[in-house]
Structures are given as structure tokens and as C-alpha cells.
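Student: Here's a structure for you.
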Amino acid sequence: MNDENAKRIVQVEFKGERTDYFVNAKDLPIDIDDYVVVQVERGRDMGKIIQSGPDIEKITHVRPVTQEILRKATDDDMTAFEENKRKEKEARRVCEEKIATRSLKMKLVDVEYLLDGSKITFYFTADERVDFRELVKDLAAIYKTRIELRQIGVRDEAKRLGGIGSCGRKYCCTTFLQEFEPVTLKMARDQSLSVSPTKISGACGRLMCCLAYERDYYMQVVKRLPKVGTRVETSYGEATVTGLDIFAQAINVKDDEGNEMRLTLDQIKKPGLAKRLMKRQKRDSQKEEGDET
């Protein structure tokens with residue numbers, strides 16, 4: 001994306017507090033809180049502008065923004081938008097009844113009308129593959145338009161429904177997070193976090209996306225700090241590392257007399273002496289074992 005288009009980027013909020021970024025390539029006279037019609041993969045949608053200007057230009061450095069704003073919402077667009085919200089509630093009720101009637105093992109998550117009503121998408125979750133062909137026929141016979149049933153994962157469910165996380169802020173996936181990245185337990189262990197599922201799982205039941213945010217920083221700092229259990233030479237003599245403070249880039253140590261201290265990196269001398277002493281002790285021990293045999 002060129003610099004000119006980067007300055008035209010706006011953030012648009014949709015149903016369920018979902019957001020995405022668009023280019024105002026036509027230089028339309030739009031502002032915060034204005035409703036706009038946009039072109040997305042599934043068709044035309046409508047949402048509200050919630051942010052614009054230099055604060056979000058950095059998004060262009062993360063991924064290209066190619067979706068465009070088609071027009072500022074008209075009175076007819078607003079009428080259709082409000083009518084679709086009413087229809088979505090009714091369609092959800094009808095679909096849930098049909099699911100129950102056919103005893104399908106699926107959970108309906110959300111219903112979404114395209115702005116012009118040419119298509120209705122039903123989002124659902126299920127533990128296994130579901131044969132919903134007859135359900136599609138039922139819904140198509142009722143609504144006389146294109147029907148799509150789309151199975152999504154639990155992380156996508158949280159993204160569509162939105163909510164407040166344990167941090168007290170809106171879910172990352174409904175605000176700035178555009179794509180889900182793999183999150184593993186190793187990321188929690190690398191940051192010395194508890195691996196208790198109740199502490200590191202999000203509302204979706206999966207590992208919290210934010211576990212990946214600071215891991216690279218942790219790994220960079222850890223390379224500069226001595227490992228727990230190693231011997232280091234300090235201004236106060238030799239000591240053993242008992243703990244690390246990543247953000248302060250400091251360590252906790254205990255000397256041979258049991259005194260505990262907290263030291264910054266500049267208070268740690270090169271650990272060469274301690275390493276040489278340990279190697280000498282190891283050689284002496286091996287020599288003694290050899291003499292005994």
C-alpha cells in the first residue's frame with residue numbers, strides 16, 4: 001500500500017463489536033461515528049467508523065489493507081440495517097427450532113444478513129462434522145434467498161460474540177487482533193507463568209492469545225541473564241542464581257552463607273571465575289574417582 005492510501009485507513013466496527021480496517025480510497029467526507037457501506041469477502045456490509053488518522057497507520061506495516069469503503073450510508077441503508085437486525089433475531093429463533101426438530105448436534109452462534117438481504121449466513125459450532133443439508137433446505141424454503149451454514153471454532157465464536165476478558169478489556173479478537181496465531185503451553189512456561197488452565201485460558205476455553213504478545217521480549221532478555229542454578233561472580237563474592245526478574249532485567253541470588261540479594265545486570269561480574277572454579281572442582285572430582293579405581 002502506498003503512503004497516500006495509508007493515510008486514508010479507517011477502522012470500522014460491525015455487529016458483535018468486531019472490527020476491521022478499510023481504505024477510504026474515494027476520499028469520501030466521513031468522520032468518526034459515521035456509518036459506511038463496505039465491500040467484504042462475503043458481500044456488502046455496513047458498520048460504524050470508530051477510528052481514523054495517524055493512530056492506525058501502523059496497521060499497514062502489519063498487513064496490507066485492500067478493502068475499500070463503497071459509500072457513506074444513506075437513509076435507505078440505515079433502514080435496511082435496522083430491519084436486518086430484527087430479521088436476524090427471528091431467523092435465529094427459527095433455525096434453533098429446526099435444529100431441535102432434526103436433533104442435530106450443533107450450537108447456533110450467530111445469524112447475519114447481507115445488507116441487501118440477498119444472503120443469510122448461520123454460524124454454528126459442533127464437536128464433529130454435521131450433515132446439515134436438510135436444514136439448509138428447510139431454511140431456504142422459508143426465506144427464499146441464499147442460505148449458508150458455516151461451522152466455526154470456539155475462538156471464532158468468541159470473536160463474533162465479543163465480551164470482556166479477565167484483564168477487564170474487550171477481547172483482543174474483537175478489537176485489534178486480525179488473525180489467530182498458534183498459542184502453546186511452552187509460551188506460558190517461557191514466561192514463568194502458571195500453566196493452570198483456569199489462569200491462562202480465555203473465554204473461548206483455549207489458551208489466551210496474549211500469551212504470545214511478550215514471549216519474544218522474554219526470550220531476548222533471558223539470553224542476557226544467567227540461568228537459575230548457575231554460579232555468578234558479584235561485587236559481594238560468588239553466589240547462586242535463584243530467580244529472574246525479566247522486566248527489571250535483574251536476578252535474585254543466594255551466597256554460600258545463605259544471604260539473599262537482588263542484583264541488576266551491572267552488579268554482576270563476568271561469571272568466568274565461577275565457571276572456572278566449577279570446572280576445576282569437576283576435574284578434581286573425576287581425578288579422585290580415577291585414582292580410587
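Identifiers in this document derive from the order of the C-alpha cells: chains are assigned A, B, ..., residues are numbered from 1 separately in each chain, and ligands are numbered from 1 in order of occurrence.
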Using only C-alpha atoms, which protein or nucleic acid residues come within 8 Å of Ile152 (chain A)? Drop anything in the same chain fewer than 5 positions from it, and give the result as a PDB file with C-alpha atoms, in the first residue's frame.
Tutor:
ATOM      1  CA  TYR A 123     -22.728 -19.571  12.113  1.00  0.00           C
ATOM      2  CA  PHE A 124     -22.526 -22.625  14.359  1.00  0.00           C
ATOM      3  CA  THR A 125     -20.127 -24.735  16.386  1.00  0.00           C
ATOM      4  CA  GLU A 157     -17.303 -17.824  18.329  1.00  0.00           C
TER       5      GLU A 157
END
Student: Wanna dump the region 121-182 of chain A-region 112-115 of chain A contacts at 10 Å for me, each residue with its shortest atom pair and the distance in Å to one decimal, counting only C-alpha atoms, ordered by chain and number, as JSON lines?
Tutor:
{"residue": "A:Thr121", "atom": "CA", "partner": "A:Glu112", "partner_atom": "CA", "distance": 5.2}
{"residue": "A:Phe122", "atom": "CA", "partner": "A:Glu112", "partner_atom": "CA", "distance": 6.6}
{"residue": "A:Tyr123", "atom": "CA", "partner": "A:Glu112", "partner_atom": "CA", "distance": 8.2}
{"residue": "A:Ile147", "atom": "CA", "partner": "A:Tyr113", "partner_atom": "CA", "distance": 9.8}
{"residue": "A:Glu148", "atom": "CA", "partner": "A:Glu112", "partner_atom": "CA", "distance": 9.9}
Student: Give me, as a compact mmCIF listing (two decimals) with N, CA and C atoms, in the first residue's frame, all polymer residues having an atom no more than 12 Å from region 30-36 of chain A, counting only C-alpha atoms and skipping those fewer than 6 positions away in the same chain.
Tutor:
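Once everything was written out, this is around_30.txt:
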# COMPACT_ATOMS: atom_id res chain seq x y z
N ARG A 8 -5.45 7.11 4.54
CA ARG A 8 -6.91 7.05 4.40
C ARG A 8 -7.52 5.87 5.15
N ILE A 9 -6.74 5.16 5.90
CA ILE A 9 -7.24 3.96 6.58
C ILE A 9 -8.17 4.35 7.74
N VAL A 10 -9.27 3.64 7.85
CA VAL A 10 -10.20 3.82 8.97
C VAL A 10 -10.53 2.45 9.56
N GLN A 11 -10.89 2.46 10.81
CA GLN A 11 -11.31 1.23 11.49
C GLN A 11 -12.82 1.25 11.61
N VAL A 12 -13.45 0.17 11.18
CA VAL A 12 -14.91 0.09 11.16
C VAL A 12 -15.37 -1.03 12.10
N GLU A 13 -16.38 -0.71 12.89
CA GLU A 13 -16.93 -1.69 13.84
C GLU A 13 -18.23 -2.26 13.29
N PHE A 14 -18.35 -3.60 13.41
CA PHE A 14 -19.54 -4.29 12.92
C PHE A 14 -20.28 -4.94 14.08
N PHE A 22 -10.33 -0.49 6.63
CA PHE A 22 -10.71 -0.22 5.25
C PHE A 22 -10.04 1.05 4.77
N VAL A 23 -9.93 1.17 3.44
CA VAL A 23 -9.32 2.35 2.83
C VAL A 23 -10.42 3.24 2.27
N ASN A 24 -10.36 4.51 2.61
CA ASN A 24 -11.28 5.49 2.06
C ASN A 24 -10.67 6.01 0.76
N ARG A 44 -21.62 -7.20 0.67
CA ARG A 44 -21.62 -5.83 1.19
C ARG A 44 -22.14 -5.80 2.62
N ASP A 45 -21.42 -5.07 3.45
CA ASP A 45 -21.79 -4.98 4.86
C ASP A 45 -21.79 -3.52 5.26
N MET A 46 -22.30 -3.26 6.45
CA MET A 46 -22.37 -1.90 6.94
C MET A 46 -21.88 -1.83 8.38
N GLY A 47 -21.11 -0.79 8.69
CA GLY A 47 -20.60 -0.64 10.03
C GLY A 47 -20.33 0.81 10.35
N LYS A 48 -19.84 1.04 11.56
CA LYS A 48 -19.60 2.40 12.05
C LYS A 48 -18.10 2.66 12.18
N ILE A 49 -17.67 3.81 11.71
CA ILE A 49 -16.26 4.20 11.83
C ILE A 49 -15.97 4.55 13.29
N ILE A 50 -14.94 3.92 13.83
CA ILE A 50 -14.59 4.17 15.24
C ILE A 50 -13.21 4.77 15.41
N GLN A 51 -12.40 4.76 14.33
CA GLN A 51 -11.06 5.33 14.46
C GLN A 51 -10.51 5.65 13.07
N SER A 52 -9.73 6.72 13.01
CA SER A 52 -9.09 7.09 11.75
C SER A 52 -7.87 7.93 12.06
N GLY A 53 -7.09 8.24 11.02
CA GLY A 53 -5.94 9.10 11.23
C GLY A 53 -4.64 8.36 11.48
N GLU A 68 -12.15 -1.66 0.59
CA GLU A 68 -12.48 -0.25 0.43
C GLU A 68 -13.88 0.08 0.94
N ILE A 69 -14.03 1.34 1.29
CA ILE A 69 -15.35 1.87 1.63
C ILE A 69 -16.07 2.23 0.33
N LEU A 70 -17.27 1.72 0.17
CA LEU A 70 -18.02 1.98 -1.06
C LEU A 70 -18.73 3.33 -1.03
N ARG A 71 -19.38 3.60 0.11
CA ARG A 71 -20.12 4.86 0.21
C ARG A 71 -20.49 5.11 1.66
N LYS A 72 -20.85 6.34 1.93
CA LYS A 72 -21.40 6.68 3.23
C LYS A 72 -22.84 6.18 3.26
N ALA A 73 -23.26 5.63 4.39
CA ALA A 73 -24.59 5.03 4.48
C ALA A 73 -25.68 6.07 4.23
N THR A 74 -26.68 5.67 3.43
CA THR A 74 -27.82 6.53 3.15
C THR A 74 -28.96 6.23 4.13
N ASP A 75 -30.01 6.99 4.05
CA ASP A 75 -31.18 6.73 4.89
C ASP A 75 -31.76 5.35 4.59
N ASP A 77 -30.05 2.78 3.52
CA ASP A 77 -29.12 1.81 4.11
C ASP A 77 -29.40 1.64 5.60
N MET A 78 -29.61 2.74 6.29
CA MET A 78 -29.87 2.69 7.72
C MET A 78 -31.17 1.95 8.01
N PHE A 81 -30.52 -1.69 7.48
CA PHE A 81 -29.64 -2.17 8.54
C PHE A 81 -30.44 -2.50 9.80
N LEU A 115 -26.42 -6.83 3.67
CA LEU A 115 -27.15 -5.57 3.72
C LEU A 115 -28.36 -5.57 2.80
Student: Write out as a short mmCIF file (atom, residue, chain, number, x, y, z; two decimals) with C-alpha atoms, in the first residue's frame all residues of region 86-173 of chain A that backbone DSSP assigns to helix (DSSP H, G or I).
Tutor:
data_model
loop_
_atom_site.label_atom_id
_atom_site.label_comp_id
_atom_site.auth_asym_id
_atom_site.auth_seq_id
_atom_site.Cartn_x
_atom_site.Cartn_y
_atom_site.Cartn_z
CA ARG A 86 -34.80 -7.53 13.64
CA LYS A 87 -34.81 -10.27 10.98
CA GLU A 88 -31.65 -11.83 12.38
CA LYS A 89 -33.29 -12.36 15.77
CA GLU A 90 -36.29 -14.02 14.15
CA ALA A 91 -34.12 -16.17 11.87
CA ARG A 92 -32.11 -17.33 14.87
CA ARG A 93 -35.28 -18.46 16.65
CA VAL A 94 -36.50 -20.34 13.58
CA CYS A 95 -33.13 -22.01 12.96
CA GLU A 96 -32.84 -23.18 16.57
CA GLU A 97 -36.29 -24.73 16.30
CA LYS A 98 -35.30 -26.59 13.12
CA ILE A 99 -32.06 -27.78 14.73
CA ALA A 100 -34.01 -29.18 17.67
CA THR A 101 -36.60 -30.79 15.38
CA ARG A 133 -28.20 -30.37 4.08
CA GLU A 134 -31.81 -30.89 5.10
CA LEU A 135 -31.59 -27.93 7.47
CA VAL A 136 -30.43 -25.71 4.59
CA LYS A 137 -33.43 -26.85 2.55
CA ASP A 138 -35.77 -26.03 5.45
CA LEU A 139 -34.35 -22.51 5.80
CA ALA A 140 -34.24 -21.84 2.06
CA ALA A 141 -37.92 -22.78 1.76
CA ILE A 142 -38.79 -20.27 4.47
CA TYR A 143 -36.62 -17.30 3.47
CA VAL A 154 -14.70 -21.68 19.60
CA ARG A 155 -12.15 -18.88 19.11
CA ASP A 156 -14.18 -17.57 16.17
CA GLU A 157 -17.30 -17.82 18.33
CA ALA A 158 -15.75 -15.51 20.92
CA LYS A 159 -14.67 -13.16 18.13
CA ARG A 160 -18.22 -12.92 16.76
CA LEU A 161 -19.98 -12.53 20.10
CA CYS A 172 -8.37 -8.83 21.59
CA CYS A 173 -10.01 -10.79 18.78
#
Student: With a distance cut-off of 12 Å and only C-alpha atoms, select the neighbouring residues of Lys170 (chain A), excluding the residue or stretch itself and same-chain residues fewer than 5 positions from it, and output the selection as a PDB file with C-alpha atoms, in the first residue's frame.
Tutor:
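The resulting file, out.pdb, is shown below:
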ATOM      1  CA  GLY A  16     -20.680  -8.048  17.919  1.00  0.00           C
ATOM      2  CA  GLU A  17     -18.022  -5.324  18.271  1.00  0.00           C
ATOM      3  CA  ARG A  18     -15.986  -6.947  15.513  1.00  0.00           C
ATOM      4  CA  THR A  19     -13.680  -4.516  13.740  1.00  0.00           C
ATOM      5  CA  ALA A 158     -15.751 -15.513  20.918  1.00  0.00           C
ATOM      6  CA  LYS A 159     -14.672 -13.156  18.127  1.00  0.00           C
ATOM      7  CA  LEU A 161     -19.984 -12.534  20.101  1.00  0.00           C
ATOM      8  CA  GLY A 162     -17.473 -10.273  21.846  1.00  0.00           C
ATOM      9  CA  GLY A 163     -17.145  -9.672  25.564  1.00  0.00           C
ATOM     10  CA  ILE A 164     -14.810  -8.587  28.349  1.00  0.00           C
ATOM     11  CA  GLY A 165     -11.694 -10.588  29.174  1.00  0.00           C
ATOM     12  CA  THR A 175     -10.707  -5.204  18.610  1.00  0.00           C
ATOM     13  CA  PHE A 176      -7.241  -5.252  17.023  1.00  0.00           C
ATOM     14  CA  LEU A 177      -6.362  -8.931  16.503  1.00  0.00           C
ATOM     15  CA  GLY A 202      -9.658 -17.233  27.616  1.00  0.00           C
ATOM     16  CA  ALA A 203     -13.435 -17.099  27.492  1.00  0.00           C
TER      17      ALA A 203
END
Student: So which one's closest to Ser235 (chain A), A:Ile251, A:Ile268, A:Cys209, A:Cys204? Using only C-alpha atoms, please.
Tutor: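 Answer, going by the shortest atom-to-atom distance: A:Ile268.
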Student: Which of these residues is nearest to Ser201 (chain A), using only C-alpha atoms: A:Tyr218, A:Arg129, A:Cys167, A:Thr234?
Tutor: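 Among the listed residues, the smallest separation from Ser201 (chain A) belongs to A:Cys167.
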Student: Excluding region 258-266 of chain A and its own-chain neighbours fewer than 6 positions away, which residues fall within 9 Å of it when counting only C-alpha atoms? Please give them as an NGL selection string.
Tutor: :A and (224-225 or 234 or 239 or 242 or 248-252)
Student: Restricted to N, CA and C atoms, what would the selected residues look like written as an mmCIF file, in the first residue's frame?
Tutor:
data_model
loop_
_atom_site.group_PDB
_atom_site.id
_atom_site.type_symbol
_atom_site.label_atom_id
_atom_site.label_comp_id
_atom_site.auth_asym_id
_atom_site.auth_seq_id
_atom_site.Cartn_x
_atom_site.Cartn_y
_atom_site.Cartn_z
ATOM 1 N N ARG A 224 20.284 -12.757 27.930
ATOM 2 C CA ARG A 224 21.271 -11.893 28.584
ATOM 3 C C ARG A 224 21.426 -12.190 30.076
ATOM 4 N N LEU A 225 20.512 -12.971 30.615
ATOM 5 C CA LEU A 225 20.548 -13.274 32.048
ATOM 6 C C LEU A 225 21.096 -14.674 32.290
ATOM 7 N N THR A 234 29.765 -11.793 41.820
ATOM 8 C CA THR A 234 29.152 -10.489 42.079
ATOM 9 C C THR A 234 30.127 -9.599 42.844
ATOM 10 N N ALA A 239 27.905 -16.340 44.128
ATOM 11 C CA ALA A 239 26.544 -16.629 44.576
ATOM 12 C C ALA A 239 25.854 -17.495 43.526
ATOM 13 N N THR A 242 18.972 -17.707 41.982
ATOM 14 C CA THR A 242 17.759 -18.395 42.468
ATOM 15 C C THR A 242 16.487 -17.955 41.746
ATOM 16 N N ALA A 248 12.597 -6.203 34.919
ATOM 17 C CA ALA A 248 13.610 -5.352 35.548
ATOM 18 C C ALA A 248 15.018 -5.731 35.104
ATOM 19 N N GLN A 249 15.131 -6.844 34.374
ATOM 20 C CA GLN A 249 16.416 -7.382 33.942
ATOM 21 C C GLN A 249 17.357 -7.504 35.145
ATOM 22 N N ALA A 250 16.840 -8.156 36.163
ATOM 23 C CA ALA A 250 17.595 -8.357 37.400
ATOM 24 C C ALA A 250 17.507 -9.831 37.798
ATOM 25 N N ILE A 251 18.341 -10.221 38.759
ATOM 26 C CA ILE A 251 18.331 -11.606 39.235
ATOM 27 C C ILE A 251 18.323 -11.624 40.757
ATOM 28 N N ASN A 252 17.822 -12.712 41.299
ATOM 29 C CA ASN A 252 17.901 -12.976 42.739
ATOM 30 C C ASN A 252 18.982 -14.023 42.946
#
Student: Measuring between only C-alpha atoms, which one of A:Leu104, A:Val38, A:Val65, A:Leu211 shows the shortest distance to Tyr21 (chain A)?
Tutor: A:Val65
